[in-house]
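Asker: Hey, dropping query37.pdb in here, PDB, C-alpha atoms:
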ATOM      1  CA  MET A  11      99.825 163.060 100.876
ATOM      2  CA  LYS A  12     103.107 161.874 102.328
ATOM      3  CA  ASN A  13     104.728 164.439 104.604
ATOM      4  CA  ILE A  14     108.185 163.234 105.581
ATOM      5  CA  VAL A  15     110.557 164.533 108.244
ATOM      6  CA  ILE A  16     114.113 163.750 107.143
ATOM      7  CA  PHE A  17     116.213 163.697 110.262
ATOM      8  CA  GLY A  18     119.857 163.447 111.197
ATOM      9  CA  ALA A  19     122.849 165.367 112.423
ATOM     10  CA  PRO A  20     124.379 168.120 110.287
ATOM     11  CA  GLY A  21     126.196 166.392 107.410
ATOM     12  CA  SER A  22     124.166 163.170 107.564
ATOM     13  CA  GLY A  23     122.987 163.510 103.951
ATOM     14  CA  LYS A  24     119.524 164.995 104.445
ATOM     15  CA  GLY A  25     119.837 167.424 101.521
ATOM     16  CA  THR A  26     121.335 164.852  99.159
ATOM     17  CA  GLN A  27     118.664 162.254  99.918
ATOM     18  CA  SER A  28     115.916 164.883  99.778
ATOM     19  CA  ASP A  29     116.954 165.792  96.219
ATOM     20  CA  LYS A  30     116.657 162.151  95.173
ATOM     21  CA  LEU A  31     113.247 161.798  96.886
ATOM     22  CA  ILE A  32     111.930 164.929  95.165
ATOM     23  CA  GLU A  33     112.959 163.527  91.794
ATOM     24  CA  LYS A  34     111.427 160.088  92.403
ATOM     25  CA  TYR A  35     108.221 160.974  94.269
ATOM     26  CA  GLY A  36     107.469 164.561  93.218
ATOM     27  CA  LEU A  37     107.509 165.756  96.815
ATOM     28  CA  ASN A  38     108.102 169.360  97.785
ATOM     29  CA  HIS A  39     111.109 170.226  99.921
ATOM     30  CA  ILE A  40     111.160 172.679 102.776
ATOM     31  CA  SER A  41     114.680 173.090 104.101
ATOM     32  CA  THR A  42     114.769 175.459 107.031
ATOM     33  CA  GLY A  43     118.464 175.987 106.342
ATOM     34  CA  ASP A  44     117.774 177.056 102.744
ATOM     35  CA  VAL A  45     114.862 179.274 103.802
ATOM     36  CA  LEU A  46     117.018 180.957 106.439
ATOM     37  CA  ARG A  47     120.064 181.342 104.153
ATOM     38  CA  ASN A  48     117.791 182.967 101.563
ATOM     39  CA  GLU A  49     116.563 185.452 104.175
ATOM     40  CA  ILE A  50     120.175 186.153 105.214
ATOM     41  CA  ARG A  51     121.185 186.730 101.574
ATOM     42  CA  LYS A  52     118.282 189.152 101.125
ATOM     43  CA  GLY A  53     119.332 191.004 104.293
ATOM     44  CA  THR A  54     115.834 190.858 105.811
ATOM     45  CA  GLU A  55     115.216 191.430 109.515
ATOM     46  CA  LEU A  56     114.554 187.684 109.880
ATOM     47  CA  GLY A  57     117.844 187.003 108.114
ATOM     48  CA  LYS A  58     119.765 189.304 110.428
ATOM     49  CA  THR A  59     118.167 187.755 113.508
ATOM     50  CA  ALA A  60     118.771 184.233 112.208
ATOM     51  CA  GLN A  61     122.420 185.020 111.412
ATOM     52  CA  GLN A  62     123.071 185.896 115.058
ATOM     53  CA  TYR A  63     121.798 182.486 116.193
ATOM     54  CA  ILE A  64     123.589 180.587 113.404
ATOM     55  CA  ASP A  65     126.926 182.298 114.074
ATOM     56  CA  GLN A  66     126.779 180.947 117.608
ATOM     57  CA  GLY A  67     125.723 177.440 116.512
ATOM     58  CA  GLN A  68     122.314 177.876 118.157
ATOM     59  CA  LEU A  69     118.808 177.009 116.995
ATOM     60  CA  ILE A  70     116.328 179.589 115.703
ATOM     61  CA  PRO A  71     113.429 180.237 118.171
ATOM     62  CA  ASP A  72     110.495 177.847 117.664
ATOM     63  CA  ASP A  73     107.742 180.408 117.137
ATOM     64  CA  LEU A  74     109.775 182.067 114.397
ATOM     65  CA  MET A  75     110.442 178.785 112.574
ATOM     66  CA  VAL A  76     106.857 177.503 112.849
ATOM     67  CA  SER A  77     105.404 180.679 111.367
ATOM     68  CA  ILE A  78     107.933 180.559 108.506
ATOM     69  CA  LEU A  79     107.129 176.893 107.821
ATOM     70  CA  ALA A  80     103.364 177.446 107.946
ATOM     71  CA  SER A  81     103.708 180.231 105.393
ATOM     72  CA  VAL A  82     105.872 178.148 103.033
ATOM     73  CA  TYR A  83     103.621 175.073 103.468
ATOM     74  CA  ASP A  84     100.437 177.037 102.775
ATOM     75  CA  ALA A  85     101.979 178.569  99.640
ATOM     76  CA  LEU A  86     102.166 175.045  98.137
ATOM     77  CA  GLY A  87      98.371 174.813  97.951
ATOM     78  CA  ARG A  88      96.299 171.726  98.739
ATOM     79  CA  ASP A  89      97.111 169.533  95.736
ATOM     80  CA  HIS A  90     100.744 168.641  96.469
ATOM     81  CA  LYS A  91     101.959 165.043  96.942
ATOM     82  CA  GLY A  92     103.660 165.825 100.227
ATOM     83  CA  VAL A  93     106.556 167.700 101.763
ATOM     84  CA  ILE A  94     109.991 166.726 102.970
ATOM     85  CA  PHE A  95     110.748 168.730 106.113
ATOM     86  CA  ASP A  96     114.528 169.066 106.243
ATOM     87  CA  GLY A  97     116.083 170.621 109.343
ATOM     88  CA  PHE A  98     112.800 170.852 111.225
ATOM     89  CA  PRO A  99     111.715 169.838 113.781
ATOM     90  CA  ARG A 100     114.834 169.812 115.922
ATOM     91  CA  THR A 101     113.218 169.705 119.354
ATOM     92  CA  ILE A 102     110.147 168.054 120.886
ATOM     93  CA  PRO A 103     108.291 171.394 121.200
ATOM     94  CA  GLN A 104     108.945 171.969 117.471
ATOM     95  CA  ALA A 105     107.647 168.469 116.663
ATOM     96  CA  GLU A 106     104.515 169.195 118.678
ATOM     97  CA  ALA A 107     104.102 172.555 116.906
ATOM     98  CA  LEU A 108     104.552 170.902 113.480
ATOM     99  CA  LYS A 109     101.993 168.226 114.390
ATOM    100  CA  GLN A 110      99.549 170.960 115.445
ATOM    101  CA  MET A 111     100.211 173.110 112.346
ATOM    102  CA  LEU A 112      99.677 170.140 110.011
ATOM    103  CA  GLY A 113      96.680 168.910 112.024
ATOM    104  CA  GLU A 114      94.975 172.296 111.625
ATOM    105  CA  ARG A 115      95.213 171.670 107.868
ATOM    106  CA  GLY A 116      93.998 168.051 108.092
ATOM    107  CA  ASP A 117      97.516 166.730 107.420
ATOM    108  CA  LYS A 118     100.163 164.806 109.393
ATOM    109  CA  VAL A 119     103.736 163.531 109.326
ATOM    110  CA  ALA A 120     103.664 160.108 107.655
ATOM    111  CA  ALA A 121     107.274 159.189 108.479
ATOM    112  CA  MET A 122     110.305 160.498 110.334
ATOM    113  CA  ILE A 123     113.312 159.052 108.543
ATOM    114  CA  GLU A 124     116.471 159.149 110.653
ATOM    115  CA  LEU A 125     119.806 159.091 108.806
ATOM    116  CA  ASP A 126     122.305 157.754 111.348
ATOM    117  CA  VAL A 127     125.976 158.614 110.666
ATOM    118  CA  PRO A 128     128.940 158.309 113.113
ATOM    119  CA  GLU A 129     130.264 161.633 114.410
ATOM    120  CA  ASP A 130     133.789 161.285 112.962
ATOM    121  CA  GLU A 131     132.278 160.854 109.491
ATOM    122  CA  LEU A 132     129.974 163.858 110.045
ATOM    123  CA  MET A 133     132.974 166.029 110.903
ATOM    124  CA  LYS A 134     134.831 164.944 107.732
ATOM    125  CA  ARG A 135     131.776 165.566 105.536
ATOM    126  CA  LEU A 136     131.049 169.008 106.989
ATOM    127  CA  ILE A 137     134.622 170.254 106.785
ATOM    128  CA  LEU A 138     134.784 169.089 103.160
ATOM    129  CA  ARG A 139     131.411 170.742 102.416
ATOM    130  CA  GLY A 140     132.691 173.988 103.933
ATOM    131  CA  GLN A 141     135.801 173.885 101.762
ATOM    132  CA  GLN A 142     133.782 173.163  98.619
ATOM    133  CA  SER A 143     130.814 175.483  99.191
ATOM    134  CA  GLY A 144     132.315 178.280 101.228
ATOM    135  CA  ARG A 145     129.564 177.905 103.858
ATOM    136  CA  ALA A 146     130.839 179.926 106.799
ATOM    137  CA  ASP A 147     129.067 177.689 109.341
ATOM    138  CA  ASP A 148     131.021 174.615 108.169
ATOM    139  CA  ASN A 149     134.166 175.208 110.224
ATOM    140  CA  GLU A 150     135.444 172.907 112.962
ATOM    141  CA  GLU A 151     134.506 175.102 115.935
ATOM    142  CA  THR A 152     130.945 175.770 114.736
ATOM    143  CA  ILE A 153     130.493 172.137 113.653
ATOM    144  CA  LYS A 154     131.380 170.958 117.184
ATOM    145  CA  LYS A 155     128.796 173.373 118.642
ATOM    146  CA  ARG A 156     126.154 172.237 116.143
ATOM    147  CA  LEU A 157     126.775 168.571 116.959
ATOM    148  CA  LEU A 158     126.596 169.303 120.690
ATOM    149  CA  VAL A 159     123.258 171.093 120.178
ATOM    150  CA  TYR A 160     122.071 168.192 118.028
ATOM    151  CA  HIS A 161     122.904 165.566 120.624
ATOM    152  CA  SER A 162     121.468 167.471 123.568
ATOM    153  CA  GLN A 163     118.298 168.946 122.030
ATOM    154  CA  THR A 164     117.488 166.984 118.914
ATOM    155  CA  GLN A 165     118.095 163.299 119.578
ATOM    156  CA  PRO A 166     115.136 163.050 122.005
ATOM    157  CA  LEU A 167     112.969 163.429 118.878
ATOM    158  CA  ILE A 168     113.784 159.831 117.995
ATOM    159  CA  ASP A 169     111.888 158.640 121.074
ATOM    160  CA  TRP A 170     109.052 161.127 120.452
ATOM    161  CA  TYR A 171     108.504 159.986 116.857
ATOM    162  CA  ASN A 172     108.853 156.362 117.989
ATOM    163  CA  GLN A 173     105.910 156.942 120.332
ATOM    164  CA  GLU A 174     104.027 158.518 117.406
ATOM    165  CA  GLY A 175     104.684 155.267 115.493
ATOM    166  CA  VAL A 176     106.373 156.951 112.512
ATOM    167  CA  HIS A 177     110.135 156.698 113.266
ATOM    168  CA  TYR A 178     112.308 154.806 110.761
ATOM    169  CA  HIS A 179     116.055 154.287 111.318
ATOM    170  CA  ILE A 180     118.321 154.286 108.247
ATOM    171  CA  ASN A 181     122.052 153.529 108.319
ATOM    172  CA  GLY A 182     123.388 156.725 106.700
ATOM    173  CA  LEU A 183     126.922 155.429 106.270
ATOM    174  CA  GLY A 184     127.841 153.721 103.021
ATOM    175  CA  GLU A 185     126.838 153.859  99.394
ATOM    176  CA  LEU A 186     124.469 156.659  98.414
ATOM    177  CA  ASP A 187     122.220 154.406  96.306
ATOM    178  CA  ARG A 188     121.864 151.788  99.069
ATOM    179  CA  ILE A 189     120.844 154.483 101.547
ATOM    180  CA  PHE A 190     118.312 155.832  99.027
ATOM    181  CA  GLU A 191     116.877 152.345  98.426
ATOM    182  CA  ASP A 192     116.404 151.882 102.185
ATOM    183  CA  ILE A 193     114.547 155.219 102.369
ATOM    184  CA  CYS A 194     112.363 154.307  99.367
ATOM    185  CA  LYS A 195     111.333 151.044 101.071
ATOM    186  CA  VAL A 196     110.034 153.109 103.982
ATOM    187  CA  ILE A 197     108.164 155.610 101.796
ATOM    188  CA  ASP A 198     106.660 152.886  99.596
ATOM    189  CA  GLY A 199     105.399 151.141 102.741
ATOM    190  CA  ILE A 200     103.515 154.107 104.206
TER     191      ILE A 200
END
I need this file expressed as structure tokens, please.
Answerer:
Amino acid sequence: MKNIVIFGAPGSGKGTQSDKLIEKYGLNHISTGDVLRNEIRKGTELGKTAQQYIDQGQLIPDDLMVSILASVYDALGRDHKGVIFDGFPRTIPQAEALKQMLGERGDKVAAMIELDVPEDELMKRLILRGQQSGRADDNEETIKKRLLVYHSQTQPLIDWYNQEGVHYHINGLGELDRIFEDICKVIDGI
């Protein structure tokens, strides 16, 4: 089982690369963003609570996200090939909680793949995505807040996963297929 954390700032290509990995390796995909947007669409209490955090460019509380992820992960059963965690963890306490949750099931994170993209490119990608998809959180003001949160709370995960021995840096700028090939080299090697 190959559980992968795909990591990078908003707009770094996590969703795009995840789709390609699912197709090639048959992995499952748990995107916290998709899970939360689904709850918001349904108008659930979780969705309403999450919307308040998202509107302010803030992260969802850890205990809430871990319980959601555990539920989604368990629903996959024991015979899956692995999971791509997209959008989680975003902080060291979340990484520790994910490690514990997987460990309780006899599983682990096999690789944390970091897609590194310069901030000016991230801004261009996110504004374009907002125009194309209508995602309300892809506007310049919210994007700046999300990038600030990313840099202050999320980047320390690189060091944490380095210490765990599972961090892999990928240049996320350039041709889509080259980026995918670089990711596949990592996955094939674990």
Asker: Report, in Å to a single decimal, how far apart atom CA of Asn172 of chain A and atom CA of Asp44 of chain A are.
Answerer: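 Taking atom CA of Asp44 of chain A and atom CA of Asn172 of chain A, their separation equals 27.2 Å.
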Asker: Return as a PDB file with C-alpha atoms, in the coordinates of the input the set of residues that the PyMOL selection byres ((chain A and resi 175-192) around 8) yields on the displayed structure.
Answerer:
ATOM      1  CA  SER A  22     124.166 163.170 107.564  1.00  0.00           C
ATOM      2  CA  GLY A  23     122.987 163.510 103.951  1.00  0.00           C
ATOM      3  CA  GLN A  27     118.664 162.254  99.918  1.00  0.00           C
ATOM      4  CA  LYS A  30     116.657 162.151  95.173  1.00  0.00           C
ATOM      5  CA  VAL A 119     103.736 163.531 109.326  1.00  0.00           C
ATOM      6  CA  ALA A 120     103.664 160.108 107.655  1.00  0.00           C
ATOM      7  CA  ALA A 121     107.274 159.189 108.479  1.00  0.00           C
ATOM      8  CA  MET A 122     110.305 160.498 110.334  1.00  0.00           C
ATOM      9  CA  ILE A 123     113.312 159.052 108.543  1.00  0.00           C
ATOM     10  CA  GLU A 124     116.471 159.149 110.653  1.00  0.00           C
ATOM     11  CA  LEU A 125     119.806 159.091 108.806  1.00  0.00           C
ATOM     12  CA  ASP A 126     122.305 157.754 111.348  1.00  0.00           C
ATOM     13  CA  VAL A 127     125.976 158.614 110.666  1.00  0.00           C
ATOM     14  CA  PRO A 128     128.940 158.309 113.113  1.00  0.00           C
ATOM     15  CA  ILE A 168     113.784 159.831 117.995  1.00  0.00           C
ATOM     16  CA  TYR A 171     108.504 159.986 116.857  1.00  0.00           C
ATOM     17  CA  ASN A 172     108.853 156.362 117.989  1.00  0.00           C
ATOM     18  CA  GLN A 173     105.910 156.942 120.332  1.00  0.00           C
ATOM     19  CA  GLU A 174     104.027 158.518 117.406  1.00  0.00           C
ATOM     20  CA  ILE A 193     114.547 155.219 102.369  1.00  0.00           C
ATOM     21  CA  CYS A 194     112.363 154.307  99.367  1.00  0.00           C
ATOM     22  CA  LYS A 195     111.333 151.044 101.071  1.00  0.00           C
ATOM     23  CA  VAL A 196     110.034 153.109 103.982  1.00  0.00           C
TER      24      VAL A 196
END
Asker: Distance atom CA of Tyr63 of chain A-atom CA of Arg156 of chain A, one decimal place?
Answerer: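 Separation between atom CA of Tyr63 of chain A and atom CA of Arg156 of chain A: 11.1 Å.
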Asker: Would you kindly return, as a ChimeraX atom specification, each protein, DNA or RNA residue with an atom no farther than 12 Å from any atom of Gln163 of chain A, considering only C-alpha atoms and excluding same-chain residues fewer than 6 positions away?
Answerer: /A:19,68-69,99-105,155-157
Asker: Would you put the residues from that selection into a file with C-alpha atoms, as a PDB file, in the frame of the given file?
Answerer:
ATOM      1  CA  ALA A  19     122.849 165.367 112.423  1.00  0.00           C
ATOM      2  CA  GLN A  68     122.314 177.876 118.157  1.00  0.00           C
ATOM      3  CA  LEU A  69     118.808 177.009 116.995  1.00  0.00           C
ATOM      4  CA  PRO A  99     111.715 169.838 113.781  1.00  0.00           C
ATOM      5  CA  ARG A 100     114.834 169.812 115.922  1.00  0.00           C
ATOM      6  CA  THR A 101     113.218 169.705 119.354  1.00  0.00           C
ATOM      7  CA  ILE A 102     110.147 168.054 120.886  1.00  0.00           C
ATOM      8  CA  PRO A 103     108.291 171.394 121.200  1.00  0.00           C
ATOM      9  CA  GLN A 104     108.945 171.969 117.471  1.00  0.00           C
ATOM     10  CA  ALA A 105     107.647 168.469 116.663  1.00  0.00           C
ATOM     11  CA  LYS A 155     128.796 173.373 118.642  1.00  0.00           C
ATOM     12  CA  ARG A 156     126.154 172.237 116.143  1.00  0.00           C
ATOM     13  CA  LEU A 157     126.775 168.571 116.959  1.00  0.00           C
TER      14      LEU A 157
END
Asker: Under the rule that all atoms listed in the file are counted, which of A:Gly53, A:Gly116, A:Gly199, A:Pro20 is the nearest residue to Val159 of chain A?
Answerer: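 Looking at the shortest contact to Val159 of chain A, the residue is A:Pro20.
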Asker: What would the selection look like, as a PyMOL selection string, if the PyMOL selection byres ((chain A and resi 74) around 12) were run on the coordinates I just shared?
Answerer: chain A and resi 42+46+55-57+59-60+69-73+75-81+104+107
Asker: Given the choices A:Asn38, A:Thr54, A:Gln110, A:Thr152, which gets closest to Asp89 of chain A if the distance is worked out from only C-alpha atoms?
Answerer: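 Smallest separation from Asp89 of chain A among the options: A:Asn38.
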Asker: Skip Gly36 of chain A itself and residues of its chain fewer than 6 positions away, then list as a ChimeraX atom specification all residues within 9 Å of it, counting all atoms listed in the file.
Answerer: /A:90-92
Asker: Considering all atoms listed in the file, state which residue in the set A:Lys154, A:Tyr160, A:Asp117, A:Ile64 is at the smallest distance from Lys134 of chain A.
Answerer: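 Result for the nearest residue to Lys134 of chain A: A:Lys154.
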Asker: Which residue out of A:Ile16, A:Gly67, A:Phe98, A:Glu33 has the minimum interatomic distance to Leu158 of chain A when only C-alpha atoms are used?
Answerer: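 Closest candidate: A:Gly67.
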Asker: If I take atom CA of Gly25 of chain A and atom CA of Gly97 of chain A, how far is one from the other in Å, to one decimal?
Answerer: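 Going from atom CA of Gly25 of chain A over to atom CA of Gly97 of chain A, I get 9.2 Å.
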Asker: Of the candidates A:Leu86, A:Ile137, A:Ile153, A:Leu132, which one gets nearest to Gly18 of chain A if we count only C-alpha atoms?
Answerer: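 Smallest distance to Gly18 of chain A is found for A:Leu132.
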Asker: Given only C-alpha atoms as the basis, pick out the residue of A:Leu31, A:Leu108, A:Ile200, A:Leu138 nearest to Met11 of chain A.
Answerer: A:Ile200
Asker: Taking every listed atom of segment 52-66 of chain A and adding 3 Å to each side, what centre and edge lengths in Å (one decimal) does the axis-aligned box have, as AutoDock Vina command-line options?
Answerer:
--center_x 120.7 --center_y 186.0 --center_z 109.4 --size_x 18.4 --size_y 16.8 --size_z 22.5
